[in-house]
$ cat structure-v9.txt   # compact mmCIF, C-alpha atoms
# COMPACT_ATOMS: atom_id res chain seq x y z
CA MET P 1 0.00 0.00 0.00
CA THR P 2 1.11 3.56 -0.31
CA THR P 3 2.11 5.32 2.88
CA GLU P 4 -0.32 8.12 2.06
CA MET P 5 -3.27 5.76 1.69
CA ARG P 6 -2.66 4.14 5.05
CA LYS P 7 -1.95 7.46 6.75
CA LEU P 8 -5.26 8.95 5.59
CA VAL P 9 -7.30 5.87 6.51
CA GLU P 10 -5.78 5.75 10.00
CA GLU P 11 -6.30 9.49 10.47
CA LEU P 12 -9.95 9.16 9.49
CA CYS P 13 -10.26 6.37 12.07
CA SER P 14 -8.44 8.25 14.82
CA PRO P 15 -9.88 9.60 18.10
CA ALA P 16 -9.59 13.11 16.64
CA CYS P 17 -12.18 12.20 14.00
CA ALA P 18 -14.24 10.17 16.50
CA GLY P 19 -16.42 8.41 13.95
CA ARG P 20 -16.70 11.34 11.51
CA LYS P 21 -20.32 12.26 12.18
CA PRO P 22 -21.34 15.37 10.21
CA GLY P 23 -21.68 18.53 12.28
CA THR P 24 -19.26 17.38 14.99
CA LYS P 25 -15.64 18.26 15.68
CA GLY P 26 -14.77 14.79 14.46
CA GLY P 27 -16.61 15.35 11.20
CA ASP P 28 -14.83 18.67 10.71
CA ALA P 29 -11.46 17.04 11.46
CA ALA P 30 -12.15 14.30 8.94
CA ARG P 31 -13.04 16.79 6.23
CA ALA P 32 -9.87 18.78 6.94
CA ALA P 33 -7.83 15.56 6.67
CA VAL P 34 -9.30 14.80 3.26
CA VAL P 35 -8.66 18.35 2.01
CA SER P 36 -5.05 18.23 3.24
CA ALA P 37 -4.39 14.81 1.69
CA LEU P 38 -5.76 15.86 -1.70
CA ARG P 39 -3.67 19.04 -1.68
CA LYS P 40 -0.54 17.05 -0.93
CA ALA P 41 -1.49 14.77 -3.82
CA GLY P 42 -1.31 17.70 -6.22
CA LEU P 43 -4.97 18.71 -6.46
CA ASP P 44 -6.81 21.91 -5.58
CA PRO P 45 -9.82 20.73 -3.55
CA HIS P 46 -12.63 22.96 -2.38
CA GLU P 47 -15.44 22.43 0.09
CA GLN P 48 -19.06 22.35 -1.03
CA PRO P 49 -21.20 23.10 2.05
CA VAL P 50 -24.39 21.04 2.26
CA PRO P 51 -27.29 23.08 3.74
CA GLY P 52 -28.87 21.48 6.78
CA LEU P 53 -26.03 19.00 7.25
CA ARG P 54 -23.48 21.19 9.07
CA GLY P 55 -20.94 19.45 6.85
CA ALA P 56 -19.55 19.69 3.34
CA ASN P 57 -18.40 17.64 0.36
CA VAL P 58 -14.76 17.89 -0.70
CA VAL P 59 -14.42 18.29 -4.47
CA ALA P 60 -11.43 18.52 -6.81
CA VAL P 61 -11.54 18.89 -10.59
CA LEU P 62 -8.87 17.81 -13.07
CA PRO P 63 -9.69 19.45 -16.44
CA GLY P 64 -9.43 17.31 -19.55
CA ASP P 65 -9.06 17.80 -23.27
CA VAL P 66 -12.85 18.02 -23.69
CA GLU P 67 -15.60 19.48 -21.53
CA ARG P 68 -16.88 16.10 -20.42
CA TYR P 69 -16.09 14.32 -17.15
CA VAL P 70 -15.75 11.12 -15.15
CA LEU P 71 -16.76 11.50 -11.50
CA VAL P 72 -15.16 9.30 -8.83
CA GLY P 73 -16.75 9.49 -5.39
CA ALA P 74 -16.71 7.97 -1.91
CA HIS P 75 -18.32 9.22 1.28
CA PHE P 76 -16.03 10.05 4.21
CA ASP P 77 -18.59 10.40 7.02
CA HIS P 78 -19.62 7.69 9.47
CA LEU P 79 -21.84 7.23 12.53
CA GLY P 80 -19.80 9.04 15.18
CA GLU P 81 -20.28 8.02 18.81
CA LEU P 82 -23.25 5.99 20.01
CA GLY P 83 -23.85 4.66 23.49
CA GLY P 84 -20.41 5.76 24.63
CA GLN P 85 -18.66 3.84 21.84
CA VAL P 86 -16.93 5.21 18.77
CA PHE P 87 -17.90 3.73 15.43
CA TRP P 88 -14.59 3.99 13.59
CA GLY P 89 -15.82 3.19 10.08
CA ALA P 90 -12.61 1.81 8.58
CA ASP P 91 -14.33 -0.24 5.87
CA ASP P 92 -17.29 2.14 5.90
CA ASN P 93 -15.91 4.19 4.34
CA ALA P 94 -12.39 5.34 5.18
CA ALA P 95 -10.89 2.60 3.01
CA ALA P 96 -12.68 3.93 -0.07
CA VAL P 97 -11.45 7.46 0.64
CA GLY P 98 -7.91 6.08 0.88
CA ILE P 99 -8.34 4.44 -2.52
CA LEU P 100 -9.79 7.69 -3.88
CA LEU P 101 -6.67 9.48 -2.71
CA ASP P 102 -4.36 7.00 -4.48
CA VAL P 103 -6.31 7.35 -7.71
CA ALA P 104 -6.35 11.14 -7.41
CA ARG P 105 -2.59 11.27 -6.91
CA ALA P 106 -1.94 9.09 -9.95
CA LEU P 107 -4.28 11.12 -12.15
CA ALA P 108 -2.84 14.44 -10.98
CA LYS P 109 0.67 13.21 -11.75
CA LYS P 110 -0.28 12.09 -15.25
CA ARG P 111 -3.51 13.58 -16.54
CA PRO P 112 -5.82 11.25 -18.48
CA ALA P 113 -6.34 11.85 -22.17
CA GLY P 114 -9.83 12.95 -23.18
CA ARG P 115 -12.33 13.67 -20.45
CA GLY P 116 -11.59 15.50 -17.24
CA VAL P 117 -12.01 13.90 -13.81
CA ILE P 118 -13.94 15.09 -10.77
CA LEU P 119 -12.91 13.61 -7.41
CA ALA P 120 -15.54 13.90 -4.68
CA ALA P 121 -15.43 12.89 -1.01
CA PHE P 122 -19.08 13.09 -0.02
CA ASP P 123 -20.38 13.97 3.43
CA GLY P 124 -23.71 12.91 4.94
CA GLU P 125 -24.16 9.45 3.40
CA GLU P 126 -25.03 7.67 6.65
CA PRO P 127 -28.44 7.76 8.40
CA PRO P 128 -30.38 9.93 8.97
CA HIS P 129 -29.20 11.70 5.81
CA PHE P 130 -29.36 8.82 3.32
CA THR P 131 -31.60 9.77 0.34
CA GLN P 132 -32.49 13.08 2.02
CA ASN P 133 -31.64 16.59 0.78
CA THR P 134 -28.89 16.68 3.43
CA MET P 135 -27.10 13.74 1.80
CA GLY P 136 -23.89 15.06 0.28
CA SER P 137 -24.19 13.21 -3.02
CA VAL P 138 -27.83 14.28 -3.43
CA PHE P 139 -26.82 17.91 -2.97
CA PHE P 140 -23.89 17.46 -5.37
CA ALA P 141 -26.19 15.98 -8.04
CA LYS P 142 -28.47 19.00 -7.68
CA HIS P 143 -25.58 21.50 -7.63
CA PRO P 144 -22.74 19.94 -9.64
CA PRO P 145 -19.55 21.92 -10.41
CA VAL P 146 -20.15 21.21 -14.11
CA PRO P 147 -23.49 20.62 -15.87
CA LEU P 148 -24.71 17.16 -14.91
CA ASP P 149 -25.20 16.18 -18.55
CA ARG P 150 -21.45 16.56 -19.03
CA ILE P 151 -20.70 13.81 -16.51
CA ASP P 152 -20.47 10.62 -18.56
CA MET P 153 -19.68 8.20 -15.73
CA MET P 154 -20.13 8.29 -11.96
CA ILE P 155 -18.11 5.72 -9.98
CA ALA P 156 -19.02 5.23 -6.32
CA MET P 157 -17.12 3.16 -3.77
CA ASP P 158 -18.48 1.83 -0.50
CA LEU P 159 -17.36 -1.09 1.69
CA VAL P 160 -14.37 -1.85 -0.53
CA GLY P 161 -11.74 -2.40 2.18
CA HIS P 162 -12.31 -5.98 3.31
CA THR P 163 -11.66 -9.47 2.05
CA PHE P 164 -14.88 -10.98 0.72
CA GLY P 165 -15.54 -13.74 3.20
CA PRO P 166 -13.89 -14.94 6.41
CA ALA P 167 -10.22 -15.76 6.87
CA GLY P 168 -9.07 -18.70 4.81
CA VAL P 169 -11.42 -18.35 1.85
CA PRO P 170 -9.85 -19.10 -1.55
CA ALA P 171 -8.32 -16.08 -3.30
CA GLU P 172 -10.90 -16.58 -6.06
CA VAL P 173 -13.47 -15.57 -3.45
CA GLY P 174 -11.65 -13.17 -1.13
CA GLU P 175 -10.36 -10.95 -3.93
CA SER P 176 -13.87 -10.41 -5.30
CA LEU P 177 -15.05 -6.84 -5.76
CA PHE P 178 -18.52 -6.37 -7.18
CA ALA P 179 -19.30 -3.82 -9.90
CA LEU P 180 -22.98 -2.91 -10.14
CA GLY P 181 -24.66 -0.72 -12.74
CA ALA P 182 -22.58 -1.35 -15.87
CA GLU P 183 -25.75 -2.58 -17.56
CA HIS P 184 -27.14 0.95 -17.43
CA SER P 185 -24.72 2.51 -19.93
CA GLU P 186 -23.65 1.61 -23.42
CA GLY P 187 -20.37 -0.28 -23.66
CA THR P 188 -19.57 -0.24 -19.94
CA ALA P 189 -20.31 -3.91 -19.23
CA ALA P 190 -17.95 -5.03 -21.99
CA HIS P 191 -15.32 -2.57 -20.75
CA VAL P 192 -15.49 -3.87 -17.16
CA ASP P 193 -15.40 -7.49 -18.31
CA SER P 194 -12.37 -6.87 -20.52
CA ILE P 195 -10.22 -5.75 -17.56
CA ALA P 196 -11.93 -7.66 -14.73
CA THR P 197 -8.80 -9.62 -13.77
CA SER P 198 -6.18 -7.22 -15.11
CA GLU P 199 -4.79 -6.32 -11.66
CA PRO P 200 -3.42 -9.09 -9.42
CA GLY P 201 -5.07 -8.96 -6.01
CA VAL P 202 -8.58 -7.98 -7.07
CA ARG P 203 -11.20 -9.66 -9.26
CA ILE P 204 -14.04 -7.52 -10.54
CA ARG P 205 -17.36 -9.35 -10.68
CA ARG P 206 -20.33 -7.68 -12.33
CA ALA P 207 -23.81 -7.73 -10.88
CA ASP P 208 -27.06 -6.03 -11.82
CA ALA P 209 -27.69 -2.87 -9.77
CA ASP P 210 -31.27 -3.97 -9.04
CA ILE P 211 -30.10 -7.12 -7.25
CA ILE P 212 -29.85 -5.12 -3.98
CA PRO P 213 -31.67 -2.05 -2.68
CA PRO P 214 -29.82 1.22 -3.49
CA LEU P 215 -27.19 1.52 -0.77
CA SER P 216 -24.82 4.38 -1.53
CA ASP P 217 -23.94 7.59 -3.32
CA TYR P 218 -24.63 6.32 -6.84
CA LEU P 219 -28.39 6.50 -6.28
CA ALA P 220 -28.74 10.24 -6.90
CA PHE P 221 -26.97 9.89 -10.25
CA TRP P 222 -28.88 6.78 -11.31
CA GLN P 223 -32.13 8.65 -10.67
CA ARG P 224 -30.94 11.48 -12.94
CA GLY P 225 -29.84 9.30 -15.82
CA VAL P 226 -26.08 9.54 -15.29
CA PRO P 227 -24.16 6.36 -16.20
CA PHE P 228 -22.72 4.84 -13.03
CA LEU P 229 -20.66 2.01 -11.59
CA PHE P 230 -20.86 1.00 -7.93
CA LEU P 231 -17.88 -0.86 -6.46
CA THR P 232 -18.41 -2.82 -3.25
CA SER P 233 -17.42 -5.98 -1.41
CA GLY P 234 -20.76 -6.05 0.39
CA ARG P 235 -21.33 -5.93 4.13
CA SER P 236 -18.90 -7.66 6.46
CA ARG P 237 -19.71 -8.79 9.98
CA HIS P 238 -18.17 -5.55 11.26
CA TYR P 239 -20.57 -3.34 9.29
CA HIS P 240 -21.92 -0.48 11.45
CA THR P 241 -20.22 -1.78 14.60
CA PRO P 242 -17.39 -0.35 16.76
CA THR P 243 -15.21 -3.24 15.55
CA ASP P 244 -14.85 -1.79 12.03
CA THR P 245 -11.20 -0.84 12.55
CA PRO P 246 -8.16 -0.40 10.25
CA GLU P 247 -6.26 -3.55 11.26
CA LYS P 248 -9.05 -5.65 9.73
CA LEU P 249 -8.69 -4.08 6.28
CA ASP P 250 -7.28 -5.99 3.33
CA TRP P 251 -4.58 -3.49 2.37
CA PRO P 252 -3.21 -5.43 -0.63
CA LYS P 253 -6.72 -5.69 -2.10
CA MET P 254 -7.23 -1.96 -1.56
CA LEU P 255 -4.03 -1.16 -3.40
CA ALA P 256 -5.02 -3.48 -6.25
CA THR P 257 -8.43 -1.79 -6.35
CA ALA P 258 -6.77 1.62 -6.67
CA ARG P 259 -4.68 0.37 -9.60
CA TRP P 260 -7.72 -1.15 -11.28
CA LEU P 261 -9.82 1.95 -10.77
CA GLU P 262 -7.10 4.22 -12.14
CA ARG P 263 -7.03 2.11 -15.30
CA PHE P 264 -10.82 2.09 -15.61
CA VAL P 265 -10.98 5.87 -15.19
CA ARG P 266 -8.23 6.51 -17.74
CA GLU P 267 -9.87 4.23 -20.28
CA THR P 268 -13.29 5.78 -19.66
CA CYS P 269 -11.81 9.24 -20.14
CA ALA P 270 -10.37 8.07 -23.45
CA ARG P 271 -13.69 6.74 -24.81
CA PRO P 272 -15.07 8.74 -27.77
CA SER P 273 -15.93 12.21 -26.52
CA ARG P 274 -19.64 12.02 -27.29
CA PRO P 275 -21.95 11.41 -24.28
CA ILE P 276 -22.07 7.81 -23.07
CA PRO P 277 -25.71 6.72 -23.55
CA PHE P 278 -27.61 5.89 -20.36
CA LEU P 279 -29.71 2.73 -20.62
CA ARG P 280 -32.58 3.31 -18.24
CA ASN P 281 -34.07 -0.16 -18.73
CA GLY P 282 -30.78 -2.03 -18.72
CA ARG P 283 -30.93 -5.41 -17.01
CA ASP P 284 -28.26 -8.09 -16.59
CA ASP P 285 -29.30 -10.78 -14.12
CA ALA P 286 -27.06 -13.16 -16.04
CA ALA P 287 -23.97 -11.23 -14.93
CA THR P 288 -25.05 -11.54 -11.30
CA LEU P 289 -25.67 -15.26 -11.65
CA ARG P 290 -22.37 -15.91 -13.41
CA SER P 291 -20.56 -14.14 -10.57
CA LEU P 292 -22.43 -16.27 -8.02
CA ILE P 293 -21.60 -19.44 -9.92
CA THR P 294 -17.89 -18.60 -9.97
CA ILE P 295 -17.81 -17.84 -6.24
CA THR P 296 -19.87 -20.82 -5.10
CA ARG P 297 -17.85 -23.19 -7.30
CA ALA P 298 -14.65 -21.93 -5.64
CA LEU P 299 -16.25 -22.52 -2.22
CA GLU P 300 -17.39 -26.08 -2.87
CA PRO P 301 -14.23 -27.71 -1.43
CA VAL P 302 -14.85 -25.96 1.91
CA SER P 303 -18.64 -25.64 2.03
CA ALA P 304 -21.32 -28.24 1.43
CA GLU P 305 -23.89 -25.47 0.96
CA ALA P 306 -21.93 -23.97 -1.92
CA SER P 307 -23.00 -26.73 -4.30
CA VAL P 308 -26.65 -25.98 -3.62
CA GLY P 309 -26.06 -22.29 -4.26
CA ARG P 310 -24.23 -23.00 -7.51
CA GLU P 311 -26.95 -25.34 -8.76
CA THR P 312 -29.64 -22.78 -7.92
CA ALA P 313 -27.73 -20.03 -9.75
CA GLU P 314 -27.25 -22.28 -12.77
CA GLU P 315 -30.97 -23.08 -12.86
CA LEU P 316 -31.82 -19.39 -12.73
CA LEU P 317 -29.24 -18.55 -15.42
CA ALA P 318 -30.98 -20.99 -17.77
CA HIS P 319 -34.14 -18.85 -17.48
CA CYS P 320 -32.43 -15.58 -18.55
CA ASP P 321 -33.40 -14.22 -21.95
CA ALA P 322 -30.94 -13.26 -24.71
CA GLN P 323 -30.36 -9.86 -23.05
CA GLY P 324 -29.53 -11.48 -19.71
CA ALA P 325 -32.79 -10.63 -17.93
CA LEU P 326 -34.68 -13.04 -15.69
CA PRO P 327 -38.47 -13.21 -15.92
CA ALA P 328 -39.92 -10.82 -13.33
CA PRO P 329 -41.27 -13.61 -11.04
CA LEU P 330 -37.77 -15.11 -10.69
CA ARG P 331 -35.86 -11.93 -9.90
CA SER P 332 -36.59 -12.15 -6.19
CA HIS P 333 -35.01 -15.64 -6.20
CA ALA P 334 -31.73 -14.17 -7.43
CA SER P 335 -31.88 -11.42 -4.80
CA MET P 336 -32.44 -13.98 -2.05
CA LEU P 337 -29.49 -16.02 -3.31
CA VAL P 338 -27.26 -12.94 -3.14
CA GLY P 339 -28.49 -12.18 0.38
CA MET P 340 -27.81 -15.71 1.53
CA LEU P 341 -24.29 -15.65 0.10
CA GLU P 342 -23.51 -12.32 1.75
CA SER P 343 -24.78 -13.53 5.13
CA LYS P 344 -22.81 -16.78 4.94
CA LEU P 345 -19.59 -14.97 4.03
CA ALA P 346 -19.91 -12.01 6.40

$ encode --input "structure-v9.txt" --output "structure tokens"
Amino acid sequence: MTTEMRKLVEELCSPACAGRKPGTKGGDAARAAVVSALRKAGLDPHEQPVPGLRGANVVAVLPGDVERYVLVGAHFDHLGELGGQVFWGADDNAAAVGILLDVARALAKKRPAGRGVILAAFDGEEPPHFTQNTMGSVFFAKHPPVPLDRIDMMIAMDLVGHTFGPAGVPAEVGESLFALGAEHSEGTAAHVDSIATSEPGVRIRRADADIIPPLSDYLAFWQRGVPFLFLTSGRSRHYHTPTDTPEKLDWPKMLATARWLERFVRETCARPSRPIPFLRNGRDDAATLRSLITITRALEPVSAEASVGRETAEELLAHCDAQGALPAPLRSHASMLVGMLESKLA
């Protein structure tokens, strides 16, 4: 890992930031840490105050060759202190902010060809702000630094810092990082698939965005017809608990994720400069099921239940149409299978 990545993550999880709740001294300290880290990385960040939140987004813009943009975002806030305990939020979502910093540094050092890049550390993602006007990404989508129709791709990261599954899972499983939403923009699914295993240490597995309820900052952009990609490893057993601490993070996977994301951003910037079409009715249950089949097959030597999961996913895959969509009555079956897998591997 880079020293800067680890330093920022540990600072965001320090007593000074005390859980990073918006409107607290800890939240202010966290925002200041993000601003300082981005400046040291060669960017010129500014704060975007969010009315009613008593917090602010941190935004930096790298101009490109054309007036179109790729937006990379991750929320930096967390739950603060509850019941006398600090909720440190290492995986949720300091790890993603550390990855954002690594990507920002690389892009500032060597600007991408084509589109410009907007880096955003959002405030106010956690309850009670989620989906409300006080949510940082919602406010950003309503008041973007460039016209929203000039943002051709929004990439959100959340819960990207942990190994997928408990200790001892095969690398085929633990290195999994899920990419949701590629089916909603032209050419993005093929792009993700073409580089899914290009970086040792992380394996990108596509899934349909509708397979789970909307859970993070991509929602405001999805609702407004902006192409998006959501990167996540799902919820671990430490999710929203005081035990979500930095020593549990999978640092090599985080570094691999930063390398992969830098490549994806550069290649997206270099796509033809016309707008990337948004596919509002895009559906790809087949991608979800193929990812489940790969993971459960890898787990079969260590889990008797994995064979049942694989067989169920294969049966569902056989019902997908030529576009990869399941019949509506079977979609809930796929969602339940995903939920079961996440709970077993938490």

$ closest_residue --input "structure-v9.txt" --among "P:Met254, P:Leu231, P:Ala108, P:Ala220" --to "Glu199 (chain P)" --atoms "all atoms listed in the file"
P:Met254

$ residues_around --input "structure-v9.txt" --residues "region 292-303 of chain P" --least-positions-apart "4" --cutoff "10 Å" --atoms "only C-alpha atoms" --output "PyMOL selection string"
chain P and resi 168-174+176+205-207+286-288+307-314+317+334+337-338+341

$ closest_atom_pairs --input "structure-v9.txt" --of "region 134-198 of chain P" --to "region 232-250 of chain P" --cutoff "10 Å" --atoms "all atoms listed in the file" --output "tab-separated table"
residue	atom	partner	partner_atom	distance
P:Ala156	CA	P:Thr232	CA	8.6
P:Met157	CA	P:Thr232	CA	6.1
P:Asp158	CA	P:Thr232	CA	5.4
P:Leu159	CA	P:Thr232	CA	5.3
P:Val160	CA	P:Thr232	CA	5.0
P:Gly161	CA	P:Leu249	CA	5.4
P:His162	CA	P:Asp250	CA	5.0
P:Thr163	CA	P:Asp250	CA	5.7
P:Phe164	CA	P:Ser233	CA	6.0
P:Gly165	CA	P:Ser236	CA	7.7
P:Pro166	CA	P:Ser236	CA	8.8
P:Gly174	CA	P:Ser233	CA	9.2
P:Glu175	CA	P:Ser233	CA	9.0
P:Ser176	CA	P:Ser233	CA	6.9
P:Leu177	CA	P:Ser233	CA	5.0
P:Phe178	CA	P:Thr232	CA	5.3
P:Ala179	CA	P:Thr232	CA	6.8
P:Leu180	CA	P:Thr232	CA	8.3

$ closest_residue --input "structure-v9.txt" --among "P:Ile204, P:Ala325, P:Val138, P:Leu101" --to "Val72 (chain P)" --atoms "all atoms listed in the file"
P:Leu101

$ atom_distance --input "structure-v9.txt" --atom1 "CA of Glu81 (chain P)" --atom2 "CA of Phe221 (chain P)"
29.9 Å

$ closest_residue --input "structure-v9.txt" --among "P:Pro200, P:Ser335, P:Ala304, P:Phe130" --to "Leu316 (chain P)" --atoms "all atoms listed in the file"
P:Ser335

$ closest_residue --input "structure-v9.txt" --among "P:Val265, P:Phe87, P:Glu11, P:Asp208" --to "Ile118 (chain P)" --atoms "only C-alpha atoms"
P:Val265

$ residues_around --input "structure-v9.txt" --residues "Ala270 (chain P)" --least-positions-apart "6" --cutoff "7 Å" --atoms "only C-alpha atoms" --output "ChimeraX atom specification"
/P:113-115

$ residues_around --input "structure-v9.txt" --residues "Thr134 (chain P)" --least-positions-apart "6" --cutoff "12 Å" --atoms "all atoms listed in the file" --output "ChimeraX atom specification"
/P:22-23,49-57,122-128,140-142

$ atom_distance --input "structure-v9.txt" --atom1 "CA of Ser273 (chain P)" --atom2 "CA of Val66 (chain P)"
7.2 Å

$ closest_residue --input "structure-v9.txt" --among "P:Leu279, P:Val226, P:Val34, P:Leu261" --to "Val97 (chain P)" --atoms "only C-alpha atoms"
P:Val34

$ atom_distance --input "structure-v9.txt" --atom1 "CA of Ala41 (chain P)" --atom2 "CA of Leu8 (chain P)"
11.7 Å

$ residues_around --input "structure-v9.txt" --residues "Thr2 (chain P)" --least-positions-apart "3" --cutoff "8 Å" --atoms "all atoms listed in the file" --output "MDAnalysis selection string"
chainID P and resid 5:6 102 255

$ closest_residue --input "structure-v9.txt" --among "P:Glu183, P:Asp92, P:Asp65, P:Asp149" --to "Gly80 (chain P)" --atoms "only C-alpha atoms"
P:Asp92

$ residues_near_point --input "structure-v9.txt" --point "(-12.5, 15.8, 6.5)" --cutoff "12 Å" --atoms "only C-alpha atoms" --output "PyMOL selection string"
chain P and resi 8-9+11-14+16-38+45-48+55-59+75-78+94+97+120-124

$ write_last_selection --input "structure-v9.txt" --atoms "C-alpha atoms" --output "JSON list (two decimals), keeping the file's coordinate frame"
[["chain", "number", "residue", "atom", "x", "y", "z"],
["P", 8, "LEU", "CA", -5.26, 8.95, 5.59],
["P", 9, "VAL", "CA", -7.30, 5.87, 6.51],
["P", 11, "GLU", "CA", -6.30, 9.49, 10.47],
["P", 12, "LEU", "CA", -9.95, 9.16, 9.49],
["P", 13, "CYS", "CA", -10.26, 6.37, 12.07],
["P", 14, "SER", "CA", -8.44, 8.25, 14.82],
["P", 16, "ALA", "CA", -9.59, 13.11, 16.64],
["P", 17, "CYS", "CA", -12.18, 12.20, 14.00],
["P", 18, "ALA", "CA", -14.24, 10.17, 16.50],
["P", 19, "GLY", "CA", -16.42, 8.41, 13.95],
["P", 20, "ARG", "CA", -16.70, 11.34, 11.51],
["P", 21, "LYS", "CA", -20.32, 12.26, 12.18],
["P", 22, "PRO", "CA", -21.34, 15.37, 10.21],
["P", 23, "GLY", "CA", -21.68, 18.53, 12.28],
["P", 24, "THR", "CA", -19.26, 17.38, 14.99],
["P", 25, "LYS", "CA", -15.64, 18.26, 15.68],
["P", 26, "GLY", "CA", -14.77, 14.79, 14.46],
["P", 27, "GLY", "CA", -16.61, 15.35, 11.20],
["P", 28, "ASP", "CA", -14.83, 18.67, 10.71],
["P", 29, "ALA", "CA", -11.46, 17.04, 11.46],
["P", 30, "ALA", "CA", -12.15, 14.30, 8.94],
["P", 31, "ARG", "CA", -13.04, 16.79, 6.23],
["P", 32, "ALA", "CA", -9.87, 18.78, 6.94],
["P", 33, "ALA", "CA", -7.83, 15.56, 6.67],
["P", 34, "VAL", "CA", -9.30, 14.80, 3.26],
["P", 35, "VAL", "CA", -8.66, 18.35, 2.01],
["P", 36, "SER", "CA", -5.05, 18.23, 3.24],
["P", 37, "ALA", "CA", -4.39, 14.81, 1.69],
["P", 38, "LEU", "CA", -5.76, 15.86, -1.70],
["P", 45, "PRO", "CA", -9.82, 20.73, -3.55],
["P", 46, "HIS", "CA", -12.63, 22.96, -2.38],
["P", 47, "GLU", "CA", -15.44, 22.43, 0.09],
["P", 48, "GLN", "CA", -19.06, 22.35, -1.03],
["P", 55, "GLY", "CA", -20.94, 19.45, 6.85],
["P", 56, "ALA", "CA", -19.55, 19.69, 3.34],
["P", 57, "ASN", "CA", -18.40, 17.64, 0.36],
["P", 58, "VAL", "CA", -14.76, 17.89, -0.70],
["P", 59, "VAL", "CA", -14.42, 18.29, -4.47],
["P", 75, "HIS", "CA", -18.32, 9.22, 1.28],
["P", 76, "PHE", "CA", -16.03, 10.05, 4.21],
["P", 77, "ASP", "CA", -18.59, 10.40, 7.02],
["P", 78, "HIS", "CA", -19.62, 7.69, 9.47],
["P", 94, "ALA", "CA", -12.39, 5.34, 5.18],
["P", 97, "VAL", "CA", -11.45, 7.46, 0.64],
["P", 120, "ALA", "CA", -15.54, 13.90, -4.68],
["P", 121, "ALA", "CA", -15.43, 12.89, -1.01],
["P", 122, "PHE", "CA", -19.08, 13.09, -0.02],
["P", 123, "ASP", "CA", -20.38, 13.97, 3.43],
["P", 124, "GLY", "CA", -23.71, 12.91, 4.94]]

$ residues_around --input "structure-v9.txt" --residues "Gln223 (chain P)" --least-positions-apart "4" --cutoff "12 Å" --atoms "only C-alpha atoms" --output "ChimeraX atom specification"
/P:131,137-138,141-142,184,214,217-219,227-228,278-280

$ build_atoms --input "structure-v9.txt" --residues "region 215-225 of chain P" --atoms "N, CA, C and O atoms" --output "short mmCIF file (atom, residue, chain, number, x, y, z; two decimals), keeping the file's coordinate frame"
data_model
loop_
_atom_site.label_atom_id
_atom_site.label_comp_id
_atom_site.auth_asym_id
_atom_site.auth_seq_id
_atom_site.Cartn_x
_atom_site.Cartn_y
_atom_site.Cartn_z
N LEU P 215 -27.86 1.47 -2.07
CA LEU P 215 -27.19 1.52 -0.77
C LEU P 215 -26.16 2.62 -0.63
O LEU P 215 -25.54 2.73 0.42
N SER P 216 -25.92 3.43 -1.66
CA SER P 216 -24.82 4.38 -1.53
C SER P 216 -25.00 5.57 -2.45
O SER P 216 -26.09 5.81 -2.98
N ASP P 217 -23.89 6.29 -2.67
CA ASP P 217 -23.94 7.59 -3.32
C ASP P 217 -24.29 7.55 -4.81
O ASP P 217 -24.58 8.59 -5.40
N TYR P 218 -24.28 6.40 -5.42
CA TYR P 218 -24.63 6.32 -6.84
C TYR P 218 -26.10 6.58 -7.11
O TYR P 218 -26.49 6.92 -8.23
N LEU P 219 -26.94 6.44 -6.08
CA LEU P 219 -28.39 6.50 -6.28
C LEU P 219 -28.83 7.82 -6.90
O LEU P 219 -29.63 7.83 -7.86
N ALA P 220 -28.31 8.94 -6.41
CA ALA P 220 -28.74 10.24 -6.90
C ALA P 220 -28.41 10.42 -8.38
O ALA P 220 -29.12 11.13 -9.11
N PHE P 221 -27.37 9.77 -8.85
CA PHE P 221 -26.97 9.89 -10.25
C PHE P 221 -27.77 8.92 -11.12
O PHE P 221 -28.19 9.27 -12.23
N TRP P 222 -28.02 7.74 -10.62
CA TRP P 222 -28.88 6.78 -11.31
C TRP P 222 -30.25 7.41 -11.56
O TRP P 222 -30.80 7.33 -12.67
N GLN P 223 -30.81 8.04 -10.54
CA GLN P 223 -32.13 8.65 -10.67
C GLN P 223 -32.16 9.75 -11.72
O GLN P 223 -33.22 10.05 -12.29
N ARG P 224 -31.01 10.36 -11.98
CA ARG P 224 -30.94 11.48 -12.94
C ARG P 224 -30.37 11.07 -14.29
O ARG P 224 -30.05 11.91 -15.11
N GLY P 225 -30.26 9.77 -14.51
CA GLY P 225 -29.84 9.30 -15.82
C GLY P 225 -28.37 9.46 -16.13
O GLY P 225 -27.98 9.54 -17.30
#
